[in-house]
Structure formats: structure tokens, C-alpha cells
$ cat data35.cif   # mmCIF, C-alpha atoms
data_final
loop_
_atom_site.label_atom_id
_atom_site.label_comp_id
_atom_site.auth_asym_id
_atom_site.auth_seq_id
_atom_site.Cartn_x
_atom_site.Cartn_y
_atom_site.Cartn_z
CA MET A 249 -6.97 -15.30 7.23
CA GLY A 250 -10.22 -16.59 5.76
CA GLU A 251 -11.10 -16.60 2.08
CA ARG A 252 -12.85 -13.23 2.25
CA ASP A 253 -11.04 -11.83 5.29
CA TRP A 254 -8.72 -9.40 3.48
CA PRO A 255 -6.83 -6.71 5.40
CA VAL A 256 -7.89 -3.08 5.08
CA ALA A 257 -5.28 -0.58 3.89
CA GLU A 258 -4.02 1.85 6.51
CA ILE A 259 -1.44 4.64 6.50
CA ILE A 260 2.10 3.28 6.29
CA GLY A 261 5.12 5.42 7.14
CA THR A 262 8.67 5.02 5.86
CA GLU A 263 11.71 7.22 6.36
CA ARG A 264 10.78 9.69 3.59
CA LEU A 265 7.28 8.66 2.58
CA LEU A 266 3.72 8.20 3.76
CA LEU A 267 1.49 5.67 2.01
CA GLU A 268 -2.10 6.88 2.27
CA PRO A 269 -5.03 4.58 1.36
CA LEU A 270 -6.45 5.47 -2.05
CA ARG A 271 -9.73 7.40 -2.10
CA VAL A 272 -11.94 8.38 -5.01
CA ASP A 273 -11.13 12.07 -4.49
CA HIS A 274 -7.44 11.40 -5.25
CA ALA A 275 -8.35 11.27 -8.97
CA GLU A 276 -8.22 15.04 -9.40
CA GLU A 277 -4.77 15.23 -7.81
CA LEU A 278 -3.25 12.18 -9.51
CA ALA A 279 -4.67 12.47 -13.04
CA PRO A 280 -2.17 15.11 -14.21
CA LEU A 281 0.73 13.24 -12.58
CA LEU A 282 -0.12 9.87 -14.09
CA ASP A 283 -1.03 11.23 -17.53
CA ASP A 284 2.54 10.69 -18.72
CA PRO A 285 3.14 9.52 -22.33
CA ALA A 286 6.16 7.42 -21.30
CA LEU A 287 4.10 5.69 -18.60
CA HIS A 288 1.31 4.96 -21.08
CA GLU A 289 3.81 3.57 -23.59
CA TYR A 290 5.35 1.33 -20.92
CA THR A 291 2.07 0.05 -19.51
CA GLY A 292 0.30 -0.18 -22.86
CA GLY A 293 -2.41 2.05 -21.48
CA SER A 294 -3.81 5.35 -22.65
CA PRO A 295 -4.27 8.71 -20.97
CA ALA A 296 -6.97 8.64 -18.31
CA ALA A 297 -9.19 11.65 -17.79
CA PRO A 298 -10.08 12.50 -14.19
CA GLU A 299 -13.55 11.00 -14.79
CA GLN A 300 -11.97 7.69 -15.85
CA LEU A 301 -9.61 7.76 -12.86
CA ARG A 302 -12.52 8.49 -10.51
CA GLU A 303 -14.31 5.40 -11.80
CA ARG A 304 -11.14 3.30 -11.49
CA TYR A 305 -10.49 4.61 -7.98
CA ARG A 306 -14.13 4.05 -7.02
CA ARG A 307 -13.67 0.37 -7.89
CA GLN A 308 -10.24 0.10 -6.23
CA ALA A 309 -11.12 2.04 -3.08
CA VAL A 310 -13.75 -0.51 -2.09
CA GLY A 311 -10.91 -2.79 -1.02
CA ARG A 312 -12.01 -5.95 -2.82
CA SER A 313 -12.86 -7.24 -6.26
CA PRO A 314 -16.56 -7.26 -7.25
CA ASP A 315 -16.79 -11.02 -6.61
CA GLY A 316 -15.04 -10.65 -3.24
CA GLY A 317 -12.37 -13.13 -4.33
CA GLU A 318 -9.46 -10.69 -4.21
CA GLY A 319 -8.38 -7.99 -1.82
CA TRP A 320 -7.36 -4.75 -3.53
CA LEU A 321 -4.97 -2.66 -1.45
CA ASN A 322 -4.03 0.66 -3.04
CA TRP A 323 -2.00 3.52 -1.63
CA VAL A 324 -1.04 7.00 -2.79
CA VAL A 325 2.66 7.55 -2.04
CA ARG A 326 3.43 11.00 -0.61
CA HIS A 327 6.65 12.70 0.32
CA ARG A 328 6.61 12.91 4.11
CA ASP A 329 7.93 16.51 4.28
CA THR A 330 6.00 18.19 1.46
CA GLY A 331 2.87 16.03 1.17
CA ASP A 332 3.35 15.90 -2.60
CA ALA A 333 2.12 12.75 -4.33
CA VAL A 334 5.05 10.90 -5.89
CA GLY A 335 3.29 7.72 -7.05
CA THR A 336 1.15 4.77 -6.11
CA VAL A 337 1.67 1.22 -4.84
CA GLN A 338 -0.79 -1.64 -5.02
CA ALA A 339 -1.18 -5.19 -3.75
CA THR A 340 -3.83 -7.55 -5.08
CA VAL A 341 -4.27 -10.35 -2.54
CA ARG A 342 -5.52 -13.77 -3.67
CA LEU A 343 -5.65 -17.17 -2.07
CA ASP A 344 -3.37 -19.82 -3.55
CA GLY A 345 -4.88 -22.84 -1.84
CA ASP A 346 -5.02 -21.64 1.76
CA ARG A 347 -2.03 -19.29 1.43
CA PRO A 348 -2.62 -15.57 0.71
CA VAL A 349 -0.39 -14.24 -2.10
CA ALA A 350 0.05 -10.54 -2.88
CA GLU A 351 0.70 -9.39 -6.44
CA LEU A 352 2.60 -6.11 -6.20
CA ALA A 353 2.73 -3.06 -8.47
CA TRP A 354 4.27 0.38 -8.15
CA VAL A 355 4.42 3.60 -10.18
CA VAL A 356 6.48 6.70 -9.47
CA VAL A 357 5.61 9.79 -11.51
CA ALA A 358 8.25 11.01 -13.96
CA PRO A 359 9.48 14.10 -12.09
CA GLN A 360 10.12 11.97 -8.96
CA GLN A 361 11.83 8.98 -10.56
CA GLY A 362 15.41 8.05 -9.77
CA ARG A 363 15.18 8.92 -6.06
CA GLY A 364 14.51 5.45 -4.69
CA TYR A 365 10.88 6.21 -3.82
CA ALA A 366 9.48 3.11 -5.56
CA GLY A 367 11.76 0.77 -3.60
CA GLU A 368 11.11 2.54 -0.30
CA ALA A 369 7.33 2.57 -0.80
CA ALA A 370 7.24 -1.06 -1.95
CA ALA A 371 9.39 -2.16 0.99
CA GLY A 372 7.06 -0.33 3.40
CA MET A 373 4.05 -1.99 1.80
CA VAL A 374 5.68 -5.44 1.95
CA GLY A 375 6.53 -4.95 5.64
CA TRP A 376 2.91 -4.05 6.36
CA LEU A 377 1.67 -7.04 4.34
CA ALA A 378 3.96 -9.34 6.37
CA GLU A 379 2.42 -7.96 9.58
CA GLN A 380 -0.97 -8.96 8.14
CA GLY A 381 0.26 -12.53 7.55
CA ILE A 382 0.85 -12.15 3.81
CA ALA A 383 4.42 -13.17 3.10
CA ALA A 384 4.05 -14.74 -0.37
CA LEU A 385 4.75 -12.11 -3.03
CA VAL A 386 4.84 -11.85 -6.81
CA ALA A 387 5.31 -8.97 -9.24
CA HIS A 388 5.27 -8.59 -13.00
CA VAL A 389 8.05 -6.43 -14.44
CA HIS A 390 8.47 -5.24 -18.03
CA PRO A 391 11.68 -6.89 -19.31
CA ASP A 392 13.19 -3.54 -20.38
CA HIS A 393 12.44 -1.66 -17.16
CA ARG A 394 15.63 -1.93 -15.08
CA ALA A 395 14.39 0.35 -12.28
CA SER A 396 11.40 -1.92 -11.61
CA ALA A 397 13.67 -4.97 -11.70
CA ARG A 398 15.86 -3.33 -9.03
CA VAL A 399 12.77 -2.71 -6.87
CA ALA A 400 11.74 -6.37 -7.25
CA GLU A 401 15.27 -7.47 -6.30
CA ARG A 402 15.19 -5.19 -3.25
CA LEU A 403 11.98 -6.94 -2.18
CA GLY A 404 13.76 -10.31 -2.35
CA LEU A 405 11.99 -11.41 -5.53
CA ARG A 406 13.73 -13.26 -8.37
CA ALA A 407 12.86 -13.33 -12.06
CA THR A 408 11.25 -16.53 -13.32
CA ASP A 409 10.94 -17.84 -16.87
CA GLU A 410 7.20 -17.13 -16.87
CA LEU A 411 5.80 -14.27 -18.97
CA VAL A 412 2.42 -12.69 -18.13
CA ASP A 413 1.10 -10.20 -20.71
CA GLY A 414 4.66 -9.60 -21.92
CA GLU A 415 6.00 -8.99 -18.42
CA VAL A 416 8.35 -11.24 -16.46
CA ARG A 417 6.89 -12.83 -13.35
CA TRP A 418 9.06 -12.26 -10.28
CA ALA A 419 8.49 -14.35 -7.17
CA ALA A 420 10.10 -15.11 -3.84
CA PRO A 421 12.55 -18.02 -4.13
#

$ encode --input "data35.cif" --output "C-alpha cells"
Amino acid sequence: MGERDWPVAEIIGTERLLLEPLRVDHAEELAPLLDDPALHEYTGGSPAAPEQLRERYRRQAVGRSPDGGEGWLNWVVRHRDTGDAVGTVQATVRLDGDRPVAELAWVVVAPQQGRGYAGEAAAGMVGWLAEQGIAALVAHVHPDHRASARVAERLGLRATDELVDGEVRWAAP
């Protein structure tokens, strides 16, 4: 994989979920789901109007950072049977020397939490990344968020002593 040769997101299927590449028009559907006060408190963010989400998704849907130095892979997570959006998963791919490293993130909307969707979606994404030749993974997990820590553990990541913006860096051993 060359410096600017990032993979392009494609649909990923798991047992219960479909991961669909993020498009700008997902903003209208996802804005009400992601406008959750608990989520904003946890992430330190603020509510995002559909217009703000459209702009964010416009940037993310292009598949790479403006300077071309990172690959942005973003998926909407849907329940396979109903088609309902249950969250999102993301991987930001960077080169560490000549080795591509994916920084992972996941969000499951409040009404769908506690069903194992985050772990299943993240595992599906990691499997797809491995098929693309990206096996080095990191994630940043809020120290008080046990569910995210369990997802990171399921992915084979281990907590390090490094803090990034108040979150613990998890990496493959």
C-alpha cells in the first residue's frame, strides 16, 4: 500500500449488521439519533444540526483527509433485518513509517446500546481492514466507558499508559 493508496470503504456484512459506506445524505437520518445529550457529554461535543452533520459527512465521505495524508473510512451501521441505523464505525488510516495503522472509533445510539452491536460492527470492520493489509490498530477509549473498553478488548487491543485528549490509548500488543 503506497502513501496515498488508501482503501475505499465498501459494504461489510456481519451476522446481524450491515456496514454501509457513509454518504452526505445520511445526515438527515443520523442527526436525530446522534443528538444524544449523554453522547455529547461523553465525547465533549455539542449537538450537531443536520446542516453541521452534512458538512462533516461531506468531508468524511471523500475518503481521505484534505492533505491526502490519511484515509478516512466511515460506515453507517444498520441492523440487517430492519435496515435501521444503530450507529457508526470509523477507521482513520495513517502511515507509521511504511506500515499502515488504523485508528478505530465506534458509536452506537442510545436505544440500541447493550446489544453487542458495537463489538460486532468493529470486529467486521477490523476483518475488512485486515483483508486490505491493515493489521496495526489503535483506539482511544474514555477511561470511564466500560462498554468501549470491552469492544477494544474484543478486538485484541490492550490499554496502554498513554493518554490522548483524556482518553486511554489502546493498541495491539

$ residues_around --input "data35.cif" --residues "segment 356-370 of chain A" --least-positions-apart "5" --cutoff "12 Å" --atoms "all atoms listed in the file" --output "JSON, numbers by chain"
{"A": [259, 260, 261, 262, 263, 264, 265, 266, 267, 268, 278, 279, 280, 281, 282, 283, 284, 285, 286, 287, 288, 322, 323, 324, 325, 326, 327, 328, 332, 333, 334, 335, 336, 337, 338, 339, 350, 351, 375, 376, 377, 385, 387, 394, 395, 396, 397, 398, 399, 400, 401, 402, 403, 404, 405]}

$ closest_residue --input "data35.cif" --among "A:Thr330, A:Ser313, A:Gln380, A:Gln308" --to "Val349 of chain A" --atoms "all atoms listed in the file"
A:Gln380

$ atom_distance --input "data35.cif" --atom1 "atom CA of His393 of chain A" --atom2 "atom CA of Trp418 of chain A"
13.1 Å

$ atom_distance --input "data35.cif" --atom1 "atom CA of His274 of chain A" --atom2 "atom CA of Gly372 of chain A"
20.6 Å

$ atom_distance --input "data35.cif" --atom1 "atom CA of Gly316 of chain A" --atom2 "atom CA of Ala383 of chain A"
20.6 Å

$ residues_near_point --input "data35.cif" --point "(-4.8, -17.2, -6.1)" --cutoff "12 Å" --atoms "all atoms listed in the file" --output "list in words"
Glu251, Gly317, Glu318, Gly319, Thr340, Val341, Arg342, Leu343, Asp344, Gly345, Asp346, Arg347, Pro348, Val349, Ala350, Glu351, Ala384, Leu385 and Val386 of chain A

$ closest_residue --input "data35.cif" --among "A:Leu270, A:Leu352, A:Asp329, A:Gly381" --to "Gly311 of chain A" --atoms "all atoms listed in the file"
A:Leu270

$ residues_around --input "data35.cif" --residues "His388 of chain A" --least-positions-apart "3" --cutoff "8 Å" --atoms "only C-alpha atoms" --output "PDB file with C-alpha atoms, in the coordinates of the input"
ATOM      1  CA  LEU A 352       2.600  -6.110  -6.200  1.00  0.00           C
ATOM      2  CA  ALA A 353       2.730  -3.060  -8.470  1.00  0.00           C
ATOM      3  CA  VAL A 412       2.420 -12.690 -18.130  1.00  0.00           C
ATOM      4  CA  GLU A 415       6.000  -8.990 -18.420  1.00  0.00           C
ATOM      5  CA  VAL A 416       8.350 -11.240 -16.460  1.00  0.00           C
ATOM      6  CA  ARG A 417       6.890 -12.830 -13.350  1.00  0.00           C
ATOM      7  CA  TRP A 418       9.060 -12.260 -10.280  1.00  0.00           C
TER       8      TRP A 418
END

$ build_atoms --input "data35.cif" --residues "segment 321-340 of chain A" --atoms "N, CA and C atoms" --output "compact mmCIF listing (two decimals), in the frame of the given file"
# COMPACT_ATOMS: atom_id res chain seq x y z
N LEU A 321 -5.58 -3.61 -2.38
CA LEU A 321 -4.97 -2.66 -1.45
C LEU A 321 -4.20 -1.64 -2.27
N ASN A 322 -4.61 -0.40 -2.20
CA ASN A 322 -4.03 0.66 -3.04
C ASN A 322 -3.68 1.86 -2.17
N TRP A 323 -2.46 2.36 -2.38
CA TRP A 323 -2.00 3.52 -1.63
C TRP A 323 -1.47 4.60 -2.56
N VAL A 324 -1.70 5.85 -2.18
CA VAL A 324 -1.04 7.00 -2.79
C VAL A 324 0.25 7.20 -1.99
N VAL A 325 1.36 7.35 -2.69
CA VAL A 325 2.66 7.55 -2.04
C VAL A 325 2.93 9.05 -2.00
N ARG A 326 3.17 9.57 -0.79
CA ARG A 326 3.43 11.00 -0.61
C ARG A 326 4.79 11.22 0.04
N HIS A 327 5.41 12.31 -0.35
CA HIS A 327 6.65 12.70 0.32
C HIS A 327 6.27 13.16 1.72
N ARG A 328 6.95 12.64 2.72
CA ARG A 328 6.61 12.91 4.11
C ARG A 328 6.70 14.41 4.44
N ASP A 329 7.72 15.11 3.93
CA ASP A 329 7.93 16.51 4.28
C ASP A 329 7.00 17.47 3.56
N THR A 330 6.77 17.23 2.26
CA THR A 330 6.00 18.19 1.46
C THR A 330 4.55 17.80 1.28
N GLY A 331 4.22 16.51 1.43
CA GLY A 331 2.87 16.03 1.17
C GLY A 331 2.58 15.82 -0.30
N ASP A 332 3.56 16.08 -1.17
CA ASP A 332 3.35 15.90 -2.60
C ASP A 332 3.21 14.42 -2.95
N ALA A 333 2.27 14.12 -3.84
CA ALA A 333 2.12 12.75 -4.33
C ALA A 333 3.28 12.44 -5.27
N VAL A 334 3.93 11.31 -5.04
CA VAL A 334 5.05 10.90 -5.89
C VAL A 334 4.75 9.62 -6.64
N GLY A 335 3.63 8.94 -6.34
CA GLY A 335 3.29 7.72 -7.05
C GLY A 335 2.22 6.93 -6.34
N THR A 336 2.10 5.67 -6.73
CA THR A 336 1.15 4.77 -6.11
C THR A 336 1.79 3.39 -5.95
N VAL A 337 1.30 2.64 -4.99
CA VAL A 337 1.67 1.22 -4.84
C VAL A 337 0.39 0.44 -4.62
N GLN A 338 0.40 -0.80 -5.12
CA GLN A 338 -0.79 -1.64 -5.02
C GLN A 338 -0.40 -3.06 -4.67
N ALA A 339 -1.31 -3.75 -4.00
CA ALA A 339 -1.18 -5.19 -3.75
C ALA A 339 -2.56 -5.80 -3.98
N THR A 340 -2.61 -6.78 -4.87
CA THR A 340 -3.83 -7.55 -5.08
C THR A 340 -3.62 -8.88 -4.37
